[in-house]
>>> print(open('run.cif').read())   # mmCIF, C-alpha atoms
data_final
#
loop_
_atom_site.label_atom_id
_atom_site.label_comp_id
_atom_site.auth_asym_id
_atom_site.auth_seq_id
_atom_site.Cartn_x
_atom_site.Cartn_y
_atom_site.Cartn_z
CA MET A 1 -14.83 62.56 31.45
CA ALA A 2 -14.03 64.00 28.07
CA GLY A 3 -10.31 64.37 28.85
CA GLN A 4 -9.87 61.03 30.63
CA ASP A 5 -7.90 58.23 28.95
CA LEU A 6 -9.80 55.03 28.61
CA LEU A 7 -7.42 52.50 30.15
CA HIS A 8 -9.05 49.50 28.51
CA THR A 9 -8.38 50.91 25.01
CA GLN A 10 -4.62 51.34 25.56
CA PRO A 11 -2.64 48.39 24.15
CA ARG A 12 -0.29 46.88 26.68
CA PRO A 13 2.61 44.44 25.99
CA MET A 14 0.54 41.53 27.28
CA HIS A 15 -2.22 42.40 24.77
CA TRP A 16 0.27 42.27 21.87
CA LEU A 17 1.75 38.99 23.12
CA ALA A 18 -1.71 37.38 23.33
CA THR A 19 -2.60 38.66 19.86
CA ALA A 20 0.67 37.39 18.36
CA THR A 21 0.22 33.97 20.03
CA ALA A 22 -3.36 33.64 18.75
CA LEU A 23 -2.35 34.69 15.23
CA SER A 24 0.54 32.17 15.22
CA ALA A 25 -1.83 29.39 16.28
CA VAL A 26 -4.25 30.23 13.46
CA VAL A 27 -1.47 30.32 10.84
CA ALA A 28 0.02 27.05 12.10
CA GLY A 29 -3.39 25.35 12.13
CA ALA A 30 -4.13 26.55 8.61
CA SER A 31 -0.91 24.96 7.34
CA PHE A 32 -2.28 21.52 8.30
CA VAL A 33 -5.65 22.00 6.61
CA GLN A 34 -5.42 21.72 2.84
CA PRO A 35 -7.84 20.81 0.08
CA PRO A 36 -7.67 17.14 -1.02
CA ASP A 37 -6.21 18.04 -4.43
CA ALA A 38 -3.40 20.24 -3.03
CA THR A 39 0.04 19.35 -4.34
CA ALA A 40 3.50 20.70 -3.77
CA THR A 41 5.06 22.40 -6.76
CA THR A 42 8.63 22.98 -5.69
CA ALA A 43 11.43 22.26 -8.12
CA ARG A 44 12.84 19.63 -5.76
CA SER A 45 9.61 17.59 -5.55
CA THR A 46 9.19 17.74 -9.34
CA ALA A 47 12.76 16.58 -9.90
CA ALA A 48 12.41 13.78 -7.35
CA GLY A 49 9.35 12.32 -9.08
CA ARG A 50 5.76 11.83 -8.00
CA HIS A 51 6.32 9.67 -4.93
CA SER A 52 2.99 8.99 -3.32
CA ALA A 53 1.49 7.07 -0.47
CA ALA A 54 1.11 3.37 -1.12
CA PRO A 55 -2.36 2.25 -2.25
CA ASP A 56 -4.37 0.77 0.62
CA PRO A 57 -5.46 -2.82 -0.14
CA GLY A 58 -8.15 -2.50 2.54
CA LYS A 59 -10.13 -0.33 0.10
CA VAL A 60 -10.10 -2.83 -2.79
CA THR A 61 -12.67 -5.46 -3.74
CA PHE A 62 -10.53 -8.38 -4.88
CA PRO A 63 -11.71 -11.00 -7.39
CA VAL A 64 -11.60 -13.76 -4.77
CA THR A 65 -14.69 -15.89 -4.15
CA CYS A 66 -14.85 -17.07 -0.55
CA GLY A 67 -18.40 -18.31 -0.12
CA PRO A 68 -19.49 -17.58 3.46
CA ASN A 69 -15.97 -16.53 4.48
CA ARG A 70 -14.43 -13.16 3.79
CA PRO A 71 -11.29 -12.42 1.77
CA GLU A 72 -8.42 -11.01 3.80
CA VAL A 73 -5.15 -9.33 2.97
CA VAL A 74 -2.50 -11.45 4.69
CA LYS A 75 0.67 -9.81 3.32
CA ARG A 76 1.53 -6.57 1.59
CA ALA A 77 4.62 -4.77 0.33
CA SER A 78 5.03 -1.46 -1.47
CA GLY A 79 7.48 0.23 -3.79
CA ASP A 80 7.85 1.89 -7.18
CA LEU A 81 7.55 -1.17 -9.41
CA ASP A 82 7.56 0.43 -12.85
CA ALA A 83 9.98 3.34 -12.24
CA ASP A 84 7.31 5.98 -12.88
CA GLY A 85 7.85 7.76 -9.55
CA THR A 86 4.65 6.47 -7.93
CA THR A 87 4.30 3.80 -5.28
CA GLU A 88 2.40 0.60 -5.98
CA THR A 89 1.29 -2.04 -3.47
CA VAL A 90 1.52 -5.80 -3.84
CA ALA A 91 -1.18 -7.58 -1.82
CA VAL A 92 -1.53 -11.26 -0.96
CA VAL A 93 -5.21 -12.10 -0.52
CA ARG A 94 -6.90 -15.33 0.51
CA CYS A 95 -10.18 -16.46 2.00
CA HIS A 96 -10.31 -16.36 5.78
CA SER A 97 -10.04 -19.81 7.31
CA ASP A 98 -9.56 -21.02 10.87
CA THR A 99 -8.02 -24.26 9.57
CA GLY A 100 -5.93 -25.19 6.56
CA THR A 101 -4.24 -22.89 4.10
CA PRO A 102 -6.54 -21.61 1.38
CA PRO A 103 -4.90 -20.63 -1.93
CA SER A 104 -3.66 -17.09 -2.31
CA GLY A 105 -4.01 -14.42 -4.95
CA VAL A 106 -1.22 -11.89 -5.49
CA TYR A 107 -2.29 -8.54 -6.92
CA VAL A 108 -0.53 -5.30 -7.85
CA LEU A 109 -2.44 -2.16 -6.90
CA ALA A 110 -2.01 1.37 -8.24
CA ARG A 111 -3.45 4.66 -7.09
CA PRO A 112 -6.54 5.71 -9.02
CA THR A 113 -6.62 8.92 -11.03
CA ASP A 114 -9.61 10.03 -8.93
CA PRO A 115 -8.38 10.55 -5.33
CA GLN A 116 -11.83 9.57 -3.98
CA ALA A 117 -11.83 6.18 -5.76
CA ALA A 118 -10.43 2.90 -4.47
CA PRO A 119 -7.00 1.75 -5.67
CA ARG A 120 -7.18 -0.30 -8.85
CA ILE A 121 -5.83 -3.77 -9.56
CA VAL A 122 -3.35 -3.44 -12.44
CA ALA A 123 -1.94 -6.98 -12.46
CA THR A 124 -2.65 -10.45 -11.10
CA LEU A 125 0.65 -12.21 -10.42
CA VAL A 126 -0.83 -15.35 -8.83
CA ALA A 127 -4.50 -16.30 -9.21
CA PRO A 128 -6.21 -18.34 -6.47
CA ALA A 129 -7.08 -20.93 -9.15
CA GLN A 130 -3.36 -21.82 -9.30
CA GLN A 131 -3.75 -23.38 -5.81
CA LEU A 132 -0.59 -21.74 -4.42
CA SER A 133 0.04 -20.18 -1.03
CA VAL A 134 2.48 -17.36 -0.38
CA ARG A 135 4.93 -17.91 2.47
CA SER A 136 6.85 -14.63 2.08
CA LEU A 137 6.62 -11.45 0.03
CA ALA A 138 9.05 -8.56 -0.47
CA VAL A 139 9.56 -5.57 -2.75
CA GLU A 140 13.07 -4.23 -3.20
CA ASN A 141 14.42 -1.95 -5.92
CA GLY A 142 11.33 -2.48 -8.07
CA VAL A 143 11.56 -6.29 -7.85
CA ILE A 144 8.78 -8.35 -6.26
CA SER A 145 9.94 -11.62 -4.71
CA ALA A 146 7.87 -14.35 -3.11
CA ALA A 147 8.20 -17.85 -1.71
CA LEU A 148 5.34 -19.98 -3.04
CA LEU A 149 4.03 -23.27 -1.69
CA GLY A 150 1.96 -25.74 -3.68
CA TYR A 151 1.07 -29.37 -4.25
CA SER A 152 2.46 -31.88 -6.73
CA ASP A 153 -0.93 -33.60 -7.13
CA LEU A 154 -4.44 -33.81 -5.68
CA ASN A 155 -3.50 -36.65 -3.28
CA VAL A 156 -1.17 -34.44 -1.23
CA PRO A 157 -2.96 -33.28 1.96
CA ARG A 158 -3.79 -29.56 1.86
CA CYS A 159 -2.06 -29.05 5.19
CA CYS A 160 1.31 -30.09 3.85
CA PRO A 161 2.50 -28.46 0.61
CA ASP A 162 5.23 -30.47 -1.08
CA VAL A 163 6.25 -27.95 -3.75
CA HIS A 164 8.36 -24.97 -2.70
CA LYS A 165 9.63 -22.35 -5.12
CA SER A 166 10.95 -18.83 -5.01
CA VAL A 167 9.98 -16.45 -7.78
CA LYS A 168 10.41 -12.83 -8.70
CA TRP A 169 8.57 -10.43 -10.95
CA GLN A 170 10.03 -7.39 -12.70
CA TRP A 171 8.35 -4.76 -14.85
CA ARG A 172 9.69 -5.02 -18.43
CA ASP A 173 8.22 -3.93 -21.74
CA GLY A 174 4.91 -2.88 -20.19
CA LYS A 175 4.22 -6.02 -18.13
CA PHE A 176 5.42 -8.03 -15.16
CA ILE A 177 7.82 -10.82 -16.16
CA GLN A 178 8.09 -13.78 -13.78
CA SER A 179 11.26 -15.75 -13.27
CA GLU A 180 12.02 -18.56 -10.88
CA LEU A 181 14.99 -18.29 -8.56
CA PRO A 182 16.87 -21.56 -9.15
CA ALA A 183 18.65 -21.87 -5.78
CA ALA A 184 15.42 -21.99 -3.77
CA ALA A 185 13.30 -23.91 -6.26
CA SER A 186 12.69 -27.47 -5.25
CA THR A 187 10.05 -30.15 -5.21
CA THR A 188 10.39 -32.51 -2.29
CA GLY A 189 8.46 -35.65 -1.49
CA VAL A 190 6.83 -36.25 1.88
#
>>> encode(input="run.cif", output="structure tokens")
Amino acid sequence: MAGQDLLHTQPRPMHWLATATALSAVVAGASFVQPPDATATTARSTAAGRHSAAPDPGKVTFPVTCGPNRPEVVKRASGDLDADGTTETVAVVRCHSDTGTPPSGVYVLARPTDPQAAPRIVATLVAPAQQLSVRSLAVENGVISAALLGYSDLNVPRCCPDVHKSVKWQWRDGKFIQSELPAAASTTGV
């Protein structure tokens, strides 16, 4: 037996193909698994800015008191609002209700510095205490726009807002500046 070749120790083409396939699968799988703090450092991504995923409003505790009901995010829009290369989220939050239209809060969220932390509220554009509801919300080219509904006085039924206005917010001089869009602004009687 000393001079006999051991057939099972001779590499065959099928052996090399199976080895190459297995190695390719391991390398491909490893490219999807990265540590949470991994970042790309190519010249292109640095030049393009620090675009990031939009903050998730589902992870935020909003300053909205709802009693036995729960607050819910009813609208959201995202974009780079302050031209710093990161994405912010604008969230419309109100108390859950099966009837009526509870007042809304409009909040701007930013990513936290700690990737394990919840997004942080960096601005309140509309507080629930203002007794306004948000009919529409959009973010385009760093401008937040919304259609707001409200009431001219306490005698107006809460089902039927009689004040309608369109507003926008833009980041200027370190804060959000609100302006009303005149064409859509109107107060109509019932």
>>> closest_residue(input="run.cif", among="A:Ala110, A:Val134, A:Val93, A:Ala117", to="A:Val74", atoms="all atoms listed in the file")
A:Val93
>>> resolve_selection(input="run.cif", expression="the PyMOL selection byres ((chain A and resi 142) around 6)", output="ChimeraX atom specification")
/A:80-81,140-141,143
>>> atom_distance(input="run.cif", atom1="atom CA of A:Val126", atom2="atom CA of A:Tyr107")
7.2 Å
>>> closest_residue(input="run.cif", among="A:Gly79, A:Gly105, A:Pro182, A:Pro71", to="A:Pro128", atoms="only C-alpha atoms")
A:Gly105
>>> atom_distance(input="run.cif", atom1="atom CA of A:Val90", atom2="atom CA of A:Lys168")
12.3 Å
>>> residues_around(input="run.cif", residues="A:Pro157", least_positions_apart="4", cutoff="12 Å", atoms="only C-alpha atoms", output="VMD selection string")
chain A and resid 100 to 101 150 to 153 161 to 162 190
>>> resolve_selection(input="run.cif", expression="the PyMOL selection byres ((chain A and resi 119) around 12)", output="PyMOL selection string")
chain A and resi 53-62+87-91+107-118+120-122
>>> closest_residue(input="run.cif", among="A:Ser166, A:Ser97, A:Gln178, A:Asn155", to="A:Leu137", atoms="only C-alpha atoms")
A:Ser166
>>> closest_residue(input="run.cif", among="A:Ala138, A:Cys66, A:Cys160, A:Arg94", to="A:Ser78", atoms="only C-alpha atoms")
A:Ala138
>>> closest_residue(input="run.cif", among="A:Ser179, A:Asn69, A:Ser52, A:Ser145", to="A:Cys95", atoms="all atoms listed in the file")
A:Asn69
>>> atom_distance(input="run.cif", atom1="atom CA of A:Lys75", atom2="atom CA of A:Gln131")
16.9 Å
>>> resolve_selection(input="run.cif", expression="the PyMOL selection byres ((chain A and resi 132) around 6)", output="ChimeraX atom specification")
/A:103-104,130-131,133,149-150
